Amino acid sequence: MITRGGEAQERAIGELLEKMNIFEEEMKKLLPNGVSDIEVQNLGLLDILVGAVFSPYKAQEEVAGVQILDPEKNPLILSWVTAWNQLTTVQELLPPHDKIVGLLQFVRKTALGSSG
C-alpha cells in the first residue's frame with residue numbers, strides 16, 4: 001500500500017480494508033467477549049502476529065494517508081492493538097513513532113522512485 005501510487009494504491013487500500021473487515025468478523029467469532037487486556041506471560045502466536053503487523057498502524061496511516069483501523073469497523077482489532085501497545089515490554093521495544101514514519105516514508109519514496 002505504501003509502495004504504490006495512484007490507482008494501484010487505491011486498489012491496494014480497497015483490498016486491505018476489505019481484508020480488515022473479514023479479519024474483524026472472524027476475530028469476533030474467535031473472541032466473542034473481545035480483548036480487554038493482554039498479559040505478557042500468556043502471549044500466543046496470534047497476539048504476537050497481530051502486534052507485529054498492527055503496532056505501527058498510526059505511522060502506516062500517516063504515510064499512506066488513509067485510516068487503516070477504523071474504530072467503528074474494526075473495534076476488536078483496534079482494542080487488541082491498543083492493549084498490545086500498552087504492554088510495558090512493547091513500549092520499551094517499539095521504535096519511536098517518528099522513526100517508524102521516517103522509515104516508511106523512505107520505503108515509499110524508494111519504491112515510487114524505482115517504479116517511475
# chains A, B, ... in the order shown; residues from 1 in each chain; ligands from 1
call {"tool": "closest_atom_pairs", "arguments": {"of": "segment 58-84 of chain A", "to": "segment 41-53 of chain A", "cutoff": "9 Å", "atoms": "only C-alpha atoms", "output": "CSV"}}
result
residue,atom,partner,partner_atom,distance
A:Ile77,CA,A:Val50,CA,8.2
A:Trp80,CA,A:Val50,CA,8.0
A:Val81,CA,A:Gly51,CA,6.1
A:Trp84,CA,A:Gly51,CA,6.1
call {"tool": "select_by_dssp", "arguments": {"residues": "chain A", "states": "helix (DSSP H, G or I)", "output": "ChimeraX atom specification"}}
result
/A:6-30,40-42,45-54,57-64,75-85,88-93,97-115
call {"tool": "closest_residue", "arguments": {"among": "A:Arg11, A:Ala59, A:Lys29, A:Lys19", "to": "Leu103 of chain A", "atoms": "only C-alpha atoms"}}
result
A:Ala59
call {"tool": "closest_residue", "arguments": {"among": "A:Glu25, A:Glu62, A:Glu10, A:Glu39", "to": "Leu87 of chain A", "atoms": "only C-alpha atoms"}}
result
A:Glu39
call {"tool": "residues_around", "arguments": {"residues": "segment 105-108 of chain A", "least_positions_apart": "3", "cutoff": "9 Å", "atoms": "only C-alpha atoms", "output": "list in words"}}
result
Met1, Ile2, Thr3, Arg4, Val63, Ala64, Ile100, Val101, Gly102, Ala111, Leu112 and Gly113 of chain A
call {"tool": "residues_around", "arguments": {"residues": "Gly34 of chain A", "least_positions_apart": "6", "cutoff": "9 Å", "atoms": "only C-alpha atoms", "output": "PyMOL selection string"}}
result
chain A and resi 27-28+75-76+79-80
call {"tool": "write_last_selection", "arguments": {"atoms": "C-alpha atoms", "output": "PDB file, in the first residue's frame"}}
result
ATOM      1  CA  MET A  27     -11.950 -12.482  15.161  1.00  0.00           C
ATOM      2  CA  LYS A  28     -15.389 -11.738  16.618  1.00  0.00           C
ATOM      3  CA  PRO A  75     -13.253  -2.231  17.133  1.00  0.00           C
ATOM      4  CA  LEU A  76     -11.929  -5.660  18.098  1.00  0.00           C
ATOM      5  CA  SER A  79      -8.780  -2.798  21.067  1.00  0.00           C
ATOM      6  CA  TRP A  80      -6.361  -5.696  20.624  1.00  0.00           C
TER       7      TRP A  80
END
call {"tool": "atom_distance", "arguments": {"atom1": "atom CA of Val66 of chain A", "atom2": "atom CA of Leu94 of chain A"}}
result
21.9 Å
call {"tool": "atom_distance", "arguments": {"atom1": "atom CA of Glu61 of chain A", "atom2": "atom CA of Asp98 of chain A"}}
result
12.7 Å
call {"tool": "residues_around", "arguments": {"residues": "Glu72 of chain A", "least_positions_apart": "6", "cutoff": "12 Å", "atoms": "only C-alpha atoms", "output": "short mmCIF file (atom, residue, chain, number, x, y, z; two decimals) with C-alpha atoms, in the first residue's frame"}}
result
data_model
loop_
_atom_site.label_atom_id
_atom_site.label_comp_id
_atom_site.auth_asym_id
_atom_site.auth_seq_id
_atom_site.Cartn_x
_atom_site.Cartn_y
_atom_site.Cartn_z
CA ASN A 21 -13.28 -6.26 7.66
CA GLU A 24 -12.55 -8.36 12.18
CA LEU A 78 -8.19 -1.79 17.44
CA SER A 79 -8.78 -2.80 21.07
#
call {"tool": "closest_residue", "arguments": {"among": "A:Thr89, A:Gln9, A:Ser55, A:Thr110", "to": "Leu69 of chain A", "atoms": "only C-alpha atoms"}}
result
A:Ser55
